[in-house]
Amino acid sequence: MRDIGIRIQRYKLSRYRPPDSLSDRARMGLTLGLAAWAIWALFLSDHSAVRLMGLGQKKHTLEQQLAATSKSVDRRARDLRVADDPEEAARVLRERHNFALPGERIYRIESDGRLRTSETPLDSI
């Protein structure tokens, strides 16, 4: 009987002693606060992980567009540099517009597969 009496006395006294660690209520509040902060930081803030991943994808897309545009600008700048070259002008006229120098023979393939040739006169300039 003496053992039970000591236990009861200990229990009664333990209710009034200061807690050794955080109480359950404080621990629950801290856990909920930390969970709320984690949700806010991952999904709702301006620097959230979801928003940063979206911005990373957008950055990758814009870098690809920039590379394509840079390549196009370089190609057009090169076209402008060679546009003043008389040899380049002659090449473009020959390839795209079927021009020929005097005395040259022109070969044309018709849509039905027949080959037609013509020769430019020497005196036409």
# chains A, B, ... in the order shown; residues from 1 in each chain; ligands from 1

call {"tool": "select_by_dssp", "arguments": {"residues": "chain A", "states": "strand (DSSP E)", "output": "PyMOL selection string"}}
result
chain A and resi 105-109+115-119

call {"tool": "write_last_selection", "arguments": {"atoms": "C-alpha atoms", "output": "compact mmCIF listing (two decimals), in the first residue's frame"}}
result
# COMPACT_ATOMS: atom_id res chain seq x y z
CA ARG A 105 23.84 28.75 -122.36
CA ILE A 106 20.81 28.45 -120.05
CA TYR A 107 19.37 25.03 -119.23
CA ARG A 108 15.75 24.93 -118.05
CA ILE A 109 13.88 21.86 -116.90
CA LEU A 115 15.06 19.93 -120.94
CA ARG A 116 15.07 23.23 -122.82
CA THR A 117 18.25 25.14 -123.62
CA SER A 118 18.72 28.66 -124.88
CA GLU A 119 21.76 30.72 -125.60

call {"tool": "residues_around", "arguments": {"residues": "Leu52 of chain A", "least_positions_apart": "6", "cutoff": "10 Å", "atoms": "only C-alpha atoms", "output": "PyMOL selection string"}}
result
chain A and resi 42-43+46+58

call {"tool": "residues_around", "arguments": {"residues": "Arg94 of chain A", "least_positions_apart": "4", "cutoff": "12 Å", "atoms": "only C-alpha atoms", "output": "list in words"}}
result
Glu87, Glu88, Ala89, Ala90, Asn98, Phe99, Ala100, Leu101, Glu104, Arg105, Ile106 and Tyr107 of chain A

call {"tool": "residues_around", "arguments": {"residues": "segment 23-40 of chain A", "least_positions_apart": "6", "cutoff": "12 Å", "atoms": "only C-alpha atoms", "output": "count of residues only"}}
result
6

call {"tool": "atom_distance", "arguments": {"atom1": "atom CA of Ala77 of chain A", "atom2": "atom CA of His60 of chain A"}}
result
25.7 Å

call {"tool": "select_by_dssp", "arguments": {"residues": "chain A", "states": "helix (DSSP H, G or I)", "output": "PyMOL selection string"}}
result
chain A and resi 2-14+24-44+49-83+86-97
